[in-house]
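A.B. asks: Structure file input_8.cif (mmCIF, C-alpha atoms and all ligand atoms) right here:
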data_run
#
loop_
_atom_site.group_PDB
_atom_site.id
_atom_site.type_symbol
_atom_site.label_atom_id
_atom_site.label_comp_id
_atom_site.auth_asym_id
_atom_site.auth_seq_id
_atom_site.Cartn_x
_atom_site.Cartn_y
_atom_site.Cartn_z
ATOM 1 C CA MET A 1 0.000 0.000 0.000
ATOM 2 C CA LYS A 2 0.996 3.577 -0.638
ATOM 3 C CA ILE A 3 -0.313 6.514 1.396
ATOM 4 C CA LEU A 4 -0.249 10.133 0.252
ATOM 5 C CA PHE A 5 0.045 12.575 3.171
ATOM 6 C CA LEU A 6 -1.040 16.091 2.212
ATOM 7 C CA ASN A 7 -0.564 19.136 4.426
ATOM 8 C CA GLY A 8 -2.207 22.497 3.877
ATOM 9 C CA PRO A 9 -1.294 26.115 4.593
ATOM 10 C CA ASN A 10 0.982 27.139 7.447
ATOM 11 C CA LEU A 11 1.847 23.588 8.432
ATOM 12 C CA ASN A 12 5.339 24.301 7.077
ATOM 13 C CA LEU A 13 5.663 26.577 10.134
ATOM 14 C CA LEU A 14 5.060 23.815 12.689
ATOM 15 C CA GLY A 15 7.577 24.032 15.503
ATOM 16 C CA GLN A 16 7.442 27.839 15.622
ATOM 17 C CA ARG A 17 3.748 28.392 14.920
ATOM 18 C CA GLU A 18 1.529 28.826 18.026
ATOM 19 C CA PRO A 19 3.419 26.132 19.962
ATOM 20 C CA ASP A 20 0.849 26.151 22.796
ATOM 21 C CA ILE A 21 -1.665 24.775 20.310
ATOM 22 C CA TYR A 22 0.464 22.849 17.818
ATOM 23 C CA GLY A 23 3.504 21.839 19.878
ATOM 24 C CA ARG A 24 7.201 22.138 19.053
ATOM 25 C CA THR A 25 7.407 19.245 16.619
ATOM 26 C CA THR A 26 8.282 20.330 13.078
ATOM 27 C CA LEU A 27 6.658 18.967 9.928
ATOM 28 C CA ALA A 28 9.979 17.250 9.096
ATOM 29 C CA ASP A 29 9.884 15.548 12.546
ATOM 30 C CA ILE A 30 6.324 14.421 11.859
ATOM 31 C CA GLU A 31 7.312 13.066 8.449
ATOM 32 C CA ALA A 32 10.100 11.029 10.115
ATOM 33 C CA MET A 33 7.625 9.634 12.687
ATOM 34 C CA VAL A 34 5.199 8.661 9.915
ATOM 35 C CA ARG A 35 7.955 7.025 7.854
ATOM 36 C CA ASP A 36 9.068 4.964 10.897
ATOM 37 C CA GLN A 37 5.522 3.813 11.588
ATOM 38 C CA ALA A 38 4.814 2.997 7.936
ATOM 39 C CA ALA A 39 8.079 1.074 7.506
ATOM 40 C CA LYS A 40 6.986 -1.345 10.256
ATOM 41 C CA SER A 41 4.100 -2.418 8.012
ATOM 42 C CA GLY A 42 5.955 -2.172 4.689
ATOM 43 C CA ILE A 43 3.898 0.834 3.625
ATOM 44 C CA GLY A 44 5.172 3.448 1.158
ATOM 45 C CA ILE A 45 4.736 7.111 2.028
ATOM 46 C CA GLU A 46 4.682 10.321 0.047
ATOM 47 C CA PHE A 47 4.601 13.425 2.266
ATOM 48 C CA ARG A 48 3.834 16.905 0.852
ATOM 49 C CA GLN A 49 2.877 20.392 2.011
ATOM 50 C CA SER A 50 1.451 23.344 0.110
ATOM 51 C CA ASN A 51 0.088 26.764 0.964
ATOM 52 C CA LEU A 52 -1.880 26.748 -2.300
ATOM 53 C CA GLU A 53 -5.404 25.380 -2.512
ATOM 54 C CA GLY A 54 -5.128 24.572 -6.238
ATOM 55 C CA GLU A 55 -1.914 22.621 -5.743
ATOM 56 C CA LEU A 56 -3.621 20.466 -3.101
ATOM 57 C CA VAL A 57 -6.519 19.893 -5.538
ATOM 58 C CA THR A 58 -4.076 18.809 -8.268
ATOM 59 C CA TRP A 59 -2.297 16.408 -5.911
ATOM 60 C CA ILE A 60 -5.634 14.847 -4.894
ATOM 61 C CA GLN A 61 -6.562 14.417 -8.577
ATOM 62 C CA GLU A 62 -3.187 12.851 -9.404
ATOM 63 C CA ALA A 63 -3.463 10.367 -6.505
ATOM 64 C CA LYS A 64 -5.894 8.145 -8.391
ATOM 65 C CA GLY A 65 -4.251 4.869 -9.332
ATOM 66 C CA LYS A 66 -1.032 5.763 -7.510
ATOM 67 C CA PHE A 67 -2.099 5.775 -3.849
ATOM 68 C CA GLU A 68 -4.580 3.575 -1.987
ATOM 69 C CA VAL A 69 -5.289 6.163 0.724
ATOM 70 C CA ILE A 70 -4.895 9.931 1.173
ATOM 71 C CA VAL A 71 -4.304 11.379 4.651
ATOM 72 C CA LEU A 72 -5.193 15.064 4.567
ATOM 73 C CA ASN A 73 -4.528 17.828 7.065
ATOM 74 C CA ALA A 74 -6.193 20.582 5.064
ATOM 75 C CA ALA A 75 -5.416 23.104 7.851
ATOM 76 C CA GLY A 76 -7.521 26.278 7.454
ATOM 77 C CA TYR A 77 -8.953 25.015 4.149
ATOM 78 C CA THR A 78 -10.805 22.359 6.161
ATOM 79 C CA HIS A 79 -13.305 25.007 7.173
ATOM 80 C CA THR A 80 -13.626 26.860 3.857
ATOM 81 C CA SER A 81 -12.787 24.758 0.826
ATOM 82 C CA VAL A 82 -15.534 23.560 -1.477
ATOM 83 C CA VAL A 83 -12.898 22.730 -4.119
ATOM 84 C CA LEU A 84 -10.983 20.336 -1.835
ATOM 85 C CA ARG A 85 -14.237 18.630 -0.923
ATOM 86 C CA ASP A 86 -15.190 18.344 -4.597
ATOM 87 C CA ALA A 87 -11.754 16.925 -5.491
ATOM 88 C CA ILE A 88 -11.986 14.239 -2.798
ATOM 89 C CA ALA A 89 -15.493 13.308 -3.942
ATOM 90 C CA ALA A 90 -14.552 13.352 -7.638
ATOM 91 C CA VAL A 91 -11.403 11.259 -7.360
ATOM 92 C CA GLY A 92 -12.746 8.616 -4.998
ATOM 93 C CA VAL A 93 -9.438 7.748 -3.316
ATOM 94 C CA PRO A 94 -10.376 6.996 0.325
ATOM 95 C CA THR A 95 -9.333 10.025 2.369
ATOM 96 C CA ILE A 96 -8.756 10.388 6.103
ATOM 97 C CA GLU A 97 -9.059 13.876 7.610
ATOM 98 C CA ILE A 98 -6.570 14.676 10.351
ATOM 99 C CA HIS A 99 -5.746 17.568 12.676
ATOM 100 C CA LEU A 100 -3.091 18.112 15.286
ATOM 101 C CA SER A 101 -5.429 20.065 17.547
ATOM 102 C CA ASN A 102 -8.886 19.162 18.797
ATOM 103 C CA VAL A 103 -10.740 21.513 16.476
ATOM 104 C CA TYR A 104 -13.986 21.006 18.458
ATOM 105 C CA ALA A 105 -12.407 22.486 21.578
ATOM 106 C CA ARG A 106 -11.422 25.659 19.706
ATOM 107 C CA GLU A 107 -13.197 28.569 17.963
ATOM 108 C CA GLU A 108 -16.639 27.822 16.562
ATOM 109 C CA PHE A 109 -15.567 28.327 12.933
ATOM 110 C CA ARG A 110 -13.239 25.326 13.364
ATOM 111 C CA HIS A 111 -16.160 23.089 14.367
ATOM 112 C CA VAL A 112 -17.285 22.943 10.750
ATOM 113 C CA SER A 113 -15.381 20.767 8.284
ATOM 114 C CA LEU A 114 -16.470 21.017 4.654
ATOM 115 C CA ILE A 115 -14.396 17.942 3.832
ATOM 116 C CA ALA A 116 -15.609 15.618 6.632
ATOM 117 C CA PRO A 117 -18.695 14.346 4.754
ATOM 118 C CA VAL A 118 -16.540 13.043 1.883
ATOM 119 C CA CYS A 119 -13.803 11.577 4.115
ATOM 120 C CA ARG A 120 -13.801 8.060 5.534
ATOM 121 C CA GLY A 121 -13.139 9.338 9.047
ATOM 122 C CA GLN A 122 -11.368 11.940 11.117
ATOM 123 C CA ILE A 123 -8.530 11.983 13.662
ATOM 124 C CA ALA A 124 -8.073 15.180 15.667
ATOM 125 C CA GLY A 125 -6.458 16.296 18.888
ATOM 126 C CA PHE A 126 -3.470 14.009 19.319
ATOM 127 C CA GLY A 127 -0.784 16.410 18.150
ATOM 128 C CA ALA A 128 1.893 14.819 15.969
ATOM 129 C CA ASN A 129 0.472 11.428 16.946
ATOM 130 C CA SER A 130 -2.648 12.171 14.866
ATOM 131 C CA TYR A 131 -0.368 11.461 11.874
ATOM 132 C CA VAL A 132 0.953 8.208 13.363
ATOM 133 C CA LEU A 133 -2.593 7.068 14.151
ATOM 134 C CA ALA A 134 -3.538 7.879 10.558
ATOM 135 C CA VAL A 135 -1.158 5.161 9.315
ATOM 136 C CA GLU A 136 -3.166 2.616 11.349
ATOM 137 C CA ALA A 137 -6.432 4.110 10.091
ATOM 138 C CA ALA A 138 -5.180 3.862 6.490
ATOM 139 C CA ILE A 139 -4.450 0.147 6.986
ATOM 140 C CA ILE A 140 -8.026 -0.355 8.232
ATOM 141 C CA VAL A 141 -9.447 1.654 5.301
ATOM 142 C CA ASN A 142 -7.381 -0.495 2.916
ATOM 143 C CA GLY A 143 -8.865 -3.697 4.333
ATOM 144 C CA GLY A 144 -6.080 -4.543 6.791
ATOM 145 C CA LYS A 145 -3.320 -4.660 4.126
HETATM 146 C C1 LIG B 201 -5.326 22.281 11.989
HETATM 147 C C2 LIG B 201 -6.584 22.939 12.566
HETATM 148 C C3 LIG B 201 -7.089 24.039 11.650
HETATM 149 O O1 LIG B 201 -8.255 24.645 12.224
HETATM 150 C C4 LIG B 201 -6.048 25.108 11.476
HETATM 151 O O2 LIG B 201 -6.481 26.087 10.559
HETATM 152 C C5 LIG B 201 -4.708 24.559 11.097
HETATM 153 C C6 LIG B 201 -4.249 23.311 11.696
HETATM 154 C C7 LIG B 201 -4.709 21.247 12.946
HETATM 155 O O3 LIG B 201 -3.935 20.419 12.477
HETATM 156 O O4 LIG B 201 -4.993 21.263 14.154
HETATM 157 O O5 LIG B 201 -3.951 25.199 10.349
HETATM 158 O O6 LIG B 201 -5.677 21.603 10.787
#
Since I need it in another form, could you write the structure as structure tokens?

C.D. replies:
Amino acid sequence: MKILFLNGPNLNLLGQREPDIYGRTTLADIEAMVRDQAAKSGIGIEFRQSNLEGELVTWIQEAKGKFEVIVLNAAGYTHTSVVLRDAIAAVGVPTIEIHLSNVYAREEFRHVSLIAPVCRGQIAGFGANSYVLAVEAAIIVNGGK
């Protein structure tokens, strides 16, 4: 199995960005954690970040036939992006929504996810470990393989 991890805007700033909320772990640290976890199960990983909505849409479109599962931290686009939702629905690659923070314990505008209805499930609130848990979730989504 191959998993495509996609990260949205500002996640390149992890480590320095609002550490009380997001912790001190950098995105490169998280990628290393995910690679370790995936290697244990012989899973291939591609790990990308973009601040551009259209680039994320293109990556979702290109995932078809190349990746069995997408793990998506859409960051702020979670709460605003019709186009990301439409891409997930159009492409049909099973997608898992993740967040570092517990978005439901934060501002009300973060309680709404436009992408949740087209995702297979959601993991939120476990910091960098949300990404590690997503590897396990991807295995389940892929039928235990
Ligand atoms: C986030 C939560 C979003 O509300 C926020 O805009 C982010 C990060 C998280 O991982 O907790 O940028 O997706």

A.B. asks: Using only C-alpha atoms and all ligand atoms, which of the listed residues (A:Gln61, A:Ser81, A:Asn73, A:Ser130) sits closest to ligand LIG 201 (chain B)?

C.D. replies: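 Of A:Gln61, A:Ser81, A:Asn73, A:Ser130, the one nearest ligand LIG 201 (chain B), counting only C-alpha atoms and all ligand atoms, is A:Asn73.
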
A.B. asks: To verify the selection step, state as an MDAnalysis selection string which residues the PyMOL selection byres (((chain A and resi 28-44) around 7) and not hetatm) yields on this input.

C.D. replies: chainID A and resid 1:3 25:27 45:47 128 131:132 135

A.B. asks: Find the residues around A:His79 up to 7 Å (only C-alpha atoms counted), leave out those fewer than 3 positions away in its own chain, and share them as a list in words.

C.D. replies: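 Counting only C-alpha atoms, the residues come to Gly76, Arg110, Val112, Ser113 and Leu114 of chain A.
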
A.B. asks: Could you build a table of the residues in chain A lying no more than 8 Å from ligand LIG 201 (chain B), giving for each the nearest pair of atoms and their separation in Å rounded to one decimal place, using all atoms listed in the file, ordered by chain and ascending residue number, as a tab-separated table?

C.D. replies:
residue	atom	partner	partner_atom	distance
A:Gly8	CA	B:LIG201	O5	7.2
A:Pro9	CA	B:LIG201	O5	6.4
A:Asn10	CA	B:LIG201	O5	6.0
A:Leu11	CA	B:LIG201	O5	6.3
A:Ile21	CA	B:LIG201	O4	7.8
A:Tyr22	CA	B:LIG201	O4	6.8
A:Asn73	CA	B:LIG201	O6	5.4
A:Ala74	CA	B:LIG201	O6	5.8
A:Ala75	CA	B:LIG201	O6	3.3
A:Gly76	CA	B:LIG201	O2	3.3
A:Tyr77	CA	B:LIG201	O2	7.0
A:Thr78	CA	B:LIG201	C3	6.8
A:His79	CA	B:LIG201	O1	7.2
A:Ile98	CA	B:LIG201	O3	6.7
A:His99	CA	B:LIG201	O3	3.4
A:Leu100	CA	B:LIG201	O3	3.7
A:Ser101	CA	B:LIG201	O4	3.6
A:Asn102	CA	B:LIG201	O4	6.4
A:Val103	CA	B:LIG201	O1	5.8
A:Arg110	CA	B:LIG201	O1	5.2
A:Ala124	CA	B:LIG201	O4	7.0
A:Gly125	CA	B:LIG201	O4	7.0
A:Gly127	CA	B:LIG201	O4	7.6

A.B. asks: What gap, in Å, lies between atom CA of A:Leu4 and atom CA of A:Arg24?

C.D. replies: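 Result for atom CA of A:Leu4 versus atom CA of A:Arg24: 23.5 Å, one decimal.
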
A.B. asks: Using only C-alpha atoms, which residue out of A:Ala138, A:Phe109, A:Ala63, A:Gly23 lies closest to A:Ala90?

C.D. replies: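 Using only C-alpha atoms, A:Ala90 sits closest to A:Ala63.
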
A.B. asks: Determine, counting all atoms listed in the file, which protein, DNA and RNA residues have an atom within 6 Å of an atom of A:Leu6; residues of the same chain fewer than 3 positions away are not included. Present the result as a list in words.

C.D. replies: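 The filter keeps Arg48, Gln49 and Leu72 of chain A.
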
A.B. asks: For A:Leu84, which residue out of A:Asp20, A:Val118, A:Glu68, A:Ile123 is the nearest one, using all atoms listed in the file?

C.D. replies: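 Comparing A:Asp20, A:Val118, A:Glu68, A:Ile123 against A:Leu84, the winner is A:Val118.
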
A.B. asks: Have a look at atom CA of A:Phe126 and atom CA of A:Ala105 and let me know their distance in Å, one decimal.

C.D. replies: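 Going from atom CA of A:Phe126 over to atom CA of A:Ala105 covers 12.5 Å.
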
A.B. asks: Give me the residues near A:Ile88 as a list of chain:residue names, where near means some atom within 10 Å (using all atoms listed in the file) and where sequence neighbours in that chain fewer than 6 positions away do not count.

C.D. replies: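 Near A:Ile88, the qualifying residues are A:Val57, A:Ile60, A:Gln61, A:Ile70, A:Pro94, A:Thr95, A:Ile115, A:Val118, A:Cys119.
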
A.B. asks: Measure the distance from atom CA of A:Ala134 to atom CA of A:Gly65 in Å and round it to one decimal.

C.D. replies: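 It comes out at 20.1 Å.
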
A.B. asks: Output the residue selection produced by the PyMOL selection byres (((chain A and resi 141) around 9) and not hetatm) on the file above, formatted as a list in words.

C.D. replies: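 On this input, the PyMOL selection byres (((chain A and resi 141) around 9) and not hetatm) captures Glu68, Val69, Pro94, Thr95, Ile96, Arg120, Glu136, Ala137, Ala138, Ile139, Ile140, Asn142, Gly143, Gly144 and Lys145 of chain A.
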
A.B. asks: For stretch 26-45 of chain A, take all atoms listed in the file, fit an axis-aligned box around them, add 5 Å to each of the six sides, then output centre and edge lengths in Å rounded to one decimal, as AutoDock Vina command-line options.

C.D. replies:
--center_x 7.0 --center_y 9.0 --center_z 7.1 --size_x 16.2 --size_y 32.7 --size_z 21.9
